[in-house]
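Student: So here's model_12.txt (compact mmCIF, C-alpha atoms and all ligand atoms).
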```txt
# COMPACT_ATOMS: atom_id res chain seq x y z
CA MET A 1 0.00 0.00 0.00
CA VAL A 2 2.81 2.42 0.93
CA ILE A 3 4.68 1.70 -2.31
CA LYS A 4 1.51 2.08 -4.32
CA ASN A 5 0.87 5.51 -2.78
CA MET A 6 4.48 6.58 -3.35
CA ILE A 7 4.27 5.61 -7.02
CA ARG A 8 1.06 7.57 -7.34
CA ALA A 9 2.66 10.61 -5.67
CA LEU A 10 5.75 10.41 -7.89
CA LYS A 11 3.60 10.28 -11.01
CA THR A 12 1.97 13.59 -10.10
CA VAL A 13 5.37 15.33 -9.95
CA TYR A 14 5.43 15.47 -13.73
CA THR A 15 1.77 16.21 -14.37
CA PRO A 16 0.59 19.80 -14.82
CA SER A 17 -0.85 21.51 -11.77
CA VAL A 18 -4.63 21.65 -11.58
CA THR A 19 -4.76 24.31 -8.89
CA ARG A 20 -5.11 28.00 -9.73
CA LEU A 21 -3.06 30.88 -8.40
CA TYR A 22 -6.17 32.50 -6.99
CA PRO A 23 -6.48 35.31 -5.94
CA ASP A 24 -3.35 36.50 -7.76
CA LEU A 25 -4.73 35.20 -11.06
CA PRO A 26 -8.50 35.58 -11.37
CA SER A 27 -10.44 32.78 -12.98
CA ASP A 28 -11.79 33.04 -16.51
CA LEU A 29 -15.51 33.43 -16.08
CA PRO A 30 -18.23 32.57 -18.58
CA ASP A 31 -20.29 35.39 -20.05
CA ARG A 32 -23.36 34.21 -18.16
CA PHE A 33 -21.58 34.27 -14.79
CA ARG A 34 -23.76 35.72 -12.04
CA GLY A 35 -21.75 38.13 -9.92
CA LEU A 36 -22.49 41.45 -8.28
CA GLN A 37 -25.57 43.09 -9.75
CA LYS A 38 -25.48 46.40 -11.56
CA LEU A 39 -28.40 48.83 -11.53
CA ASP A 40 -29.37 51.14 -14.36
CA LYS A 41 -31.18 53.90 -12.50
CA ASP A 42 -32.55 55.42 -15.69
CA LYS A 43 -34.43 52.21 -16.45
CA CYS A 44 -35.57 51.38 -12.91
CA ILE A 45 -39.14 52.40 -12.09
CA GLY A 46 -38.99 51.34 -8.43
CA CYS A 47 -41.74 48.77 -8.91
CA GLY A 48 -40.32 46.41 -6.28
CA ILE A 49 -40.77 43.23 -8.35
CA CYS A 50 -37.12 42.36 -7.75
CA ALA A 51 -37.63 42.65 -3.99
CA ASN A 52 -40.78 40.55 -4.08
CA THR A 53 -39.05 37.94 -6.23
CA CYS A 54 -35.93 37.53 -4.13
CA PRO A 55 -36.13 34.19 -2.29
CA ASN A 56 -33.68 35.40 0.37
CA ASN A 57 -35.33 38.76 1.08
CA ALA A 58 -32.02 40.38 0.22
CA ILE A 59 -33.58 43.35 -1.59
CA LYS A 60 -35.24 46.37 -0.04
CA ILE A 61 -36.71 49.23 -2.03
CA VAL A 62 -35.27 52.44 -0.64
CA ARG A 63 -35.72 56.09 -1.41
CA ASP A 64 -32.83 57.80 -3.14
CA ARG A 65 -34.72 60.77 -4.65
CA ARG A 66 -36.78 58.04 -6.41
CA TRP A 67 -37.34 54.45 -5.29
CA PHE A 68 -34.60 51.97 -6.10
CA PRO A 69 -33.49 48.54 -4.91
CA ALA A 70 -30.72 48.13 -2.34
CA ILE A 71 -29.25 44.65 -2.06
CA ASP A 72 -27.80 43.04 1.03
CA ILE A 73 -25.13 40.98 -0.67
CA GLY A 74 -24.54 39.12 2.57
CA HIS A 75 -27.92 37.47 2.05
CA CYS A 76 -27.73 37.18 -1.74
CA MET A 77 -27.09 33.76 -3.28
CA PHE A 78 -26.65 35.19 -6.79
CA CYS A 79 -29.52 33.18 -8.19
CA GLY A 80 -30.27 35.93 -10.71
CA LEU A 81 -34.05 35.88 -10.22
CA CYS A 82 -34.14 39.63 -9.54
CA ILE A 83 -32.44 40.19 -12.89
CA ASP A 84 -34.72 37.78 -14.74
CA GLN A 85 -37.91 39.25 -13.29
CA CYS A 86 -37.14 42.95 -13.68
CA PRO A 87 -39.64 44.25 -16.27
CA GLN A 88 -37.32 47.11 -17.22
CA GLU A 89 -34.10 45.13 -17.53
CA ALA A 90 -32.66 47.61 -15.05
CA LEU A 91 -30.61 44.99 -13.22
CA SER A 92 -27.80 43.08 -14.82
CA SER A 93 -25.05 40.79 -13.64
CA THR A 94 -21.34 41.44 -13.63
CA LYS A 95 -18.27 39.29 -13.17
CA ILE A 96 -17.43 40.92 -9.84
CA TYR A 97 -17.34 38.23 -7.18
CA THR A 98 -14.35 38.68 -4.91
CA LYS A 99 -12.37 41.73 -3.92
CA GLU A 100 -15.27 44.16 -3.92
CA LEU A 101 -17.35 41.74 -1.86
CA VAL A 102 -14.96 40.21 0.64
CA THR A 103 -15.04 42.13 3.90
CA TRP A 104 -14.62 41.79 7.65
CA ASP A 105 -17.59 44.07 8.26
CA ARG A 106 -20.95 42.64 7.19
CA HIS A 107 -22.51 46.12 7.22
CA THR A 108 -20.45 47.02 4.16
CA LEU A 109 -22.30 44.29 2.26
CA LEU A 110 -25.41 46.42 2.05
CA PHE A 111 -25.19 47.77 -1.48
CA THR A 112 -27.10 51.01 -1.84
CA PRO A 113 -28.63 52.08 -5.16
CA ALA A 114 -25.68 54.42 -5.69
CA MET A 115 -23.25 51.54 -5.18
CA LEU A 116 -25.27 49.24 -7.44
CA ALA A 117 -25.34 51.96 -10.09
CA ARG A 118 -21.57 52.43 -9.60
CA GLU A 119 -22.07 56.11 -8.82
CA VAL A 120 -19.60 55.58 -6.00
CA PRO A 121 -16.46 53.46 -6.44
CA LEU A 122 -16.58 49.97 -5.00
CA LYS A 123 -13.97 48.83 -2.51
CA GLY A 124 -11.05 47.27 -4.40
CA GLU A 125 -12.51 48.17 -7.80
CA GLY A 126 -9.99 47.80 -10.53
CA ASP A 127 -7.90 45.28 -8.61
CA GLU A 128 -9.47 42.39 -10.43
S1 LIG A 201 -34.71 46.97 -10.58
FE1 LIG A 201 -36.41 46.37 -11.92
S2 LIG A 201 -37.74 45.07 -10.68
FE2 LIG A 201 -36.39 46.21 -9.27
S3 LIG A 201 -37.53 48.05 -8.70
FE3 LIG A 201 -36.25 48.59 -10.48
S4 LIG A 201 -37.57 48.24 -12.28
FE4 LIG A 201 -38.54 47.18 -10.55
S1 LIG A 202 -29.59 37.25 -7.07
FE1 LIG A 202 -31.24 36.07 -6.08
S2 LIG A 202 -30.74 36.11 -3.89
FE2 LIG A 202 -29.53 37.73 -4.86
S3 LIG A 202 -30.76 39.58 -4.66
FE3 LIG A 202 -31.27 38.68 -6.66
S4 LIG A 202 -33.05 37.36 -6.29
FE4 LIG A 202 -32.11 37.84 -4.29
```
Hey, can you dump this file as structure tokens for me?
Tutor:
Amino acid sequence: MVIKNMIRALKTVYTPSVTRLYPDLPSDLPDRFRGLQKLDKDKCIGCGICANTCPNNAIKIVRDRRWFPAIDIGHCMFCGLCIDQCPQEALSSTKIYTKELVTWDRHTLLFTPAMLAREVPLKGEGDE
């Protein structure tokens, strides 16, 4: 058994690595990847369908001059239902999934409409 395991280990020395140098090298993501949502405020009518659709109650409709969704990313499972159900196509998905979202403070995971619309820079934006 020991010899068998040693042979197996030695064989892997010459095989290419299957691990990735994450987070130094970000993964290639498919076009349909569901990452952090992006809000187009011009399209949004504040109807609240996204909030009613969300299975995790991660979306609240808040007032920011008009009514817009705010998303608690700490509760979001990135299912994409809010995007699919939006009648205005105001929400879309991006490939952001790490540096802008990883935090020690869960309160920073509440993404306001301004953050979703990228009117304010996201933490770590541009690093990825
Ligand atoms: S993002 Fe879409 S579904 Fe959500 S409030 Fe705006 S228009 Fe309605
Ligand atoms: S992606 Fe899914 S869980 Fe996240 S806010 Fe949208 S509906 Fe809710």
Student: Within 10 Å of Pro121 of chain A, counting all atoms listed in the file, which residues qualify if same-chain residues fewer than 6 places away don't, as a list in words?
Tutor: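 In the requested form, the answer reads Glu100, Ala114 and Met115 of chain A.
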Student: Using only C-alpha atoms and all ligand atoms, which residues have at least one atom no more than 12 Å from ligand LIG 201 (chain A)? Output them as a ChimeraX atom specification.
Tutor: /A:37-54,58-63,66-71,80-93,113,116-117
Student: When you count all atoms listed in the file, which of these residues is closest to ligand LIG 202 (chain A): A:Leu122, A:Arg106, A:Gly74, A:Asn56?
Tutor: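 Comparing A:Leu122, A:Arg106, A:Gly74, A:Asn56 against ligand LIG 202 (chain A), the winner is A:Asn56.
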Student: Pick out the closest residue to Thr108 of chain A from this set: A:Leu25, A:Ile73, A:Leu36, A:Ile3. Count only C-alpha atoms.
Tutor: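 Looking at the shortest contact to Thr108 of chain A, the residue is A:Ile73.
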Student: What separation in Å, quoted to one decimal, exists between atom CA of Phe33 of chain A and atom CA of Lys95 of chain A?
Tutor: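 About the pair atom CA of Phe33 of chain A and atom CA of Lys95 of chain A: they are 6.2 Å apart.
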Student: Provide an axis-aligned box for all listed atoms of ligand LIG 202 (chain A), padding each side by 8 Å; report its centre and its edge lengths in Å to one decimal, as JSON.
Tutor:
```
{"center_x": -31.3, "center_y": 37.8, "center_z": -5.5, "size_x": 19.5, "size_y": 19.5, "size_z": 19.2}
```
Student: Go through A:Asn5, A:Asn57, A:Ser17, A:Thr98 and flag the residue nearest ligand LIG 202 (chain A), using all atoms listed in the file for the distances.
Tutor: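 For ligand LIG 202 (chain A), the nearest of the candidates is A:Asn57.
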Student: Using all atoms listed in the file, which of A:Gly35, A:Pro23, A:Pro30, A:Pro16 sits nearest ligand LIG 202 (chain A)?
Tutor: A:Gly35
Student: Could you please determine the separation between atom CA of Tyr14 of chain A and atom CA of Val2 of chain A in Å, to one decimal place?
Tutor: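 Atom CA of Val2 of chain A lies at a distance of 19.8 Å from atom CA of Tyr14 of chain A.
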Student: Report, in Å with one decimal, the straight-line distance from atom CA of Arg32 of chain A to atom CA of Ile96 of chain A.
Tutor: 12.2 Å
Student: Counting all atoms listed in the file, which of A:Tyr97, A:His75, A:Lys123, A:Thr112 gets nearest to ligand LIG 202 (chain A)?
Tutor: A:His75
Student: Would you mind telling me which residue in A:Phe78, A:Leu109, A:Thr94, A:Trp104 lies nearest to ligand LIG 202 (chain A) when using only C-alpha atoms and all ligand atoms?
Tutor: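 For ligand LIG 202 (chain A), the nearest of the candidates is A:Phe78.
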Student: Output segment 23-52 of chain A with N, CA and C atoms present, as a PDB file, keeping the file's coordinate frame.
Tutor:
```
ATOM      1  N   PRO A  23      -5.826  34.234  -5.203  1.00  0.00           N
ATOM      2  CA  PRO A  23      -6.480  35.310  -5.940  1.00  0.00           C
ATOM      3  C   PRO A  23      -5.541  36.118  -6.831  1.00  0.00           C
ATOM      4  N   ASP A  24      -4.268  35.719  -6.928  1.00  0.00           N
ATOM      5  CA  ASP A  24      -3.350  36.500  -7.760  1.00  0.00           C
ATOM      6  C   ASP A  24      -3.791  36.475  -9.229  1.00  0.00           C
ATOM      7  N   LEU A  25      -4.232  35.319  -9.690  1.00  0.00           N
ATOM      8  CA  LEU A  25      -4.730  35.200 -11.060  1.00  0.00           C
ATOM      9  C   LEU A  25      -6.216  34.901 -11.015  1.00  0.00           C
ATOM     10  N   PRO A  26      -7.057  35.842 -11.405  1.00  0.00           N
ATOM     11  CA  PRO A  26      -8.500  35.580 -11.370  1.00  0.00           C
ATOM     12  C   PRO A  26      -8.895  34.519 -12.389  1.00  0.00           C
ATOM     13  N   SER A  27      -9.962  33.824 -12.084  1.00  0.00           N
ATOM     14  CA  SER A  27     -10.440  32.780 -12.980  1.00  0.00           C
ATOM     15  C   SER A  27     -11.093  33.388 -14.213  1.00  0.00           C
ATOM     16  N   ASP A  28     -11.027  32.651 -15.328  1.00  0.00           N
ATOM     17  CA  ASP A  28     -11.790  33.040 -16.510  1.00  0.00           C
ATOM     18  C   ASP A  28     -13.241  32.689 -16.241  1.00  0.00           C
ATOM     19  N   LEU A  29     -14.105  33.661 -16.393  1.00  0.00           N
ATOM     20  CA  LEU A  29     -15.510  33.430 -16.080  1.00  0.00           C
ATOM     21  C   LEU A  29     -16.340  33.423 -17.355  1.00  0.00           C
ATOM     22  N   PRO A  30     -17.373  32.585 -17.392  1.00  0.00           N
ATOM     23  CA  PRO A  30     -18.230  32.570 -18.580  1.00  0.00           C
ATOM     24  C   PRO A  30     -19.050  33.847 -18.661  1.00  0.00           C
ATOM     25  N   ASP A  31     -19.521  34.161 -19.866  1.00  0.00           N
ATOM     26  CA  ASP A  31     -20.290  35.390 -20.050  1.00  0.00           C
ATOM     27  C   ASP A  31     -21.560  35.413 -19.217  1.00  0.00           C
ATOM     28  N   ARG A  32     -22.105  34.246 -18.920  1.00  0.00           N
ATOM     29  CA  ARG A  32     -23.360  34.210 -18.160  1.00  0.00           C
ATOM     30  C   ARG A  32     -23.114  34.085 -16.651  1.00  0.00           C
ATOM     31  N   PHE A  33     -21.894  34.342 -16.220  1.00  0.00           N
ATOM     32  CA  PHE A  33     -21.580  34.270 -14.790  1.00  0.00           C
ATOM     33  C   PHE A  33     -22.446  35.259 -14.010  1.00  0.00           C
ATOM     34  N   ARG A  34     -22.929  34.836 -12.853  1.00  0.00           N
ATOM     35  CA  ARG A  34     -23.760  35.720 -12.040  1.00  0.00           C
ATOM     36  C   ARG A  34     -22.955  36.246 -10.859  1.00  0.00           C
ATOM     37  N   GLY A  35     -22.484  37.489 -11.006  1.00  0.00           N
ATOM     38  CA  GLY A  35     -21.750  38.130  -9.920  1.00  0.00           C
ATOM     39  C   GLY A  35     -22.548  39.309  -9.377  1.00  0.00           C
ATOM     40  N   LEU A  36     -21.836  40.283  -8.869  1.00  0.00           N
ATOM     41  CA  LEU A  36     -22.490  41.450  -8.280  1.00  0.00           C
ATOM     42  C   LEU A  36     -23.404  42.146  -9.298  1.00  0.00           C
ATOM     43  N   GLN A  37     -24.601  42.452  -8.858  1.00  0.00           N
ATOM     44  CA  GLN A  37     -25.570  43.090  -9.750  1.00  0.00           C
ATOM     45  C   GLN A  37     -25.182  44.539 -10.043  1.00  0.00           C
ATOM     46  N   LYS A  38     -25.657  45.010 -11.196  1.00  0.00           N
ATOM     47  CA  LYS A  38     -25.480  46.400 -11.560  1.00  0.00           C
ATOM     48  C   LYS A  38     -26.862  46.986 -11.858  1.00  0.00           C
ATOM     49  N   LEU A  39     -27.090  48.194 -11.377  1.00  0.00           N
ATOM     50  CA  LEU A  39     -28.400  48.830 -11.530  1.00  0.00           C
ATOM     51  C   LEU A  39     -28.310  49.986 -12.514  1.00  0.00           C
ATOM     52  N   ASP A  40     -29.241  49.989 -13.463  1.00  0.00           N
ATOM     53  CA  ASP A  40     -29.370  51.140 -14.360  1.00  0.00           C
ATOM     54  C   ASP A  40     -30.513  51.989 -13.819  1.00  0.00           C
ATOM     55  N   LYS A  41     -30.154  53.070 -13.154  1.00  0.00           N
ATOM     56  CA  LYS A  41     -31.180  53.900 -12.500  1.00  0.00           C
ATOM     57  C   LYS A  41     -32.133  54.540 -13.492  1.00  0.00           C
ATOM     58  N   ASP A  42     -31.665  54.796 -14.697  1.00  0.00           N
ATOM     59  CA  ASP A  42     -32.550  55.420 -15.690  1.00  0.00           C
ATOM     60  C   ASP A  42     -33.679  54.474 -16.092  1.00  0.00           C
ATOM     61  N   LYS A  43     -33.401  53.177 -16.051  1.00  0.00           N
ATOM     62  CA  LYS A  43     -34.430  52.210 -16.450  1.00  0.00           C
ATOM     63  C   LYS A  43     -35.335  51.827 -15.289  1.00  0.00           C
ATOM     64  N   CYS A  44     -34.816  51.868 -14.070  1.00  0.00           N
ATOM     65  CA  CYS A  44     -35.570  51.380 -12.910  1.00  0.00           C
ATOM     66  C   CYS A  44     -36.767  52.273 -12.626  1.00  0.00           C
ATOM     67  N   ILE A  45     -37.926  51.641 -12.394  1.00  0.00           N
ATOM     68  CA  ILE A  45     -39.140  52.400 -12.090  1.00  0.00           C
ATOM     69  C   ILE A  45     -39.556  52.192 -10.628  1.00  0.00           C
ATOM     70  N   GLY A  46     -38.706  51.517  -9.862  1.00  0.00           N
ATOM     71  CA  GLY A  46     -38.990  51.340  -8.430  1.00  0.00           C
ATOM     72  C   GLY A  46     -40.200  50.476  -8.150  1.00  0.00           C
ATOM     73  N   CYS A  47     -40.511  49.559  -9.050  1.00  0.00           N
ATOM     74  CA  CYS A  47     -41.740  48.770  -8.910  1.00  0.00           C
ATOM     75  C   CYS A  47     -41.670  47.755  -7.763  1.00  0.00           C
ATOM     76  N   GLY A  48     -40.465  47.336  -7.397  1.00  0.00           N
ATOM     77  CA  GLY A  48     -40.320  46.410  -6.280  1.00  0.00           C
ATOM     78  C   GLY A  48     -40.466  44.944  -6.650  1.00  0.00           C
ATOM     79  N   ILE A  49     -40.625  44.640  -7.939  1.00  0.00           N
ATOM     80  CA  ILE A  49     -40.770  43.230  -8.350  1.00  0.00           C
ATOM     81  C   ILE A  49     -39.518  42.439  -7.972  1.00  0.00           C
ATOM     82  N   CYS A  50     -38.362  43.068  -8.116  1.00  0.00           N
ATOM     83  CA  CYS A  50     -37.120  42.360  -7.750  1.00  0.00           C
ATOM     84  C   CYS A  50     -37.125  41.993  -6.266  1.00  0.00           C
ATOM     85  N   ALA A  51     -37.598  42.915  -5.424  1.00  0.00           N
ATOM     86  CA  ALA A  51     -37.630  42.650  -3.990  1.00  0.00           C
ATOM     87  C   ALA A  51     -38.625  41.546  -3.661  1.00  0.00           C
ATOM     88  N   ASN A  52     -39.768  41.570  -4.330  1.00  0.00           N
ATOM     89  CA  ASN A  52     -40.780  40.550  -4.080  1.00  0.00           C
ATOM     90  C   ASN A  52     -40.347  39.184  -4.608  1.00  0.00           C
TER      91      ASN A  52
END
```
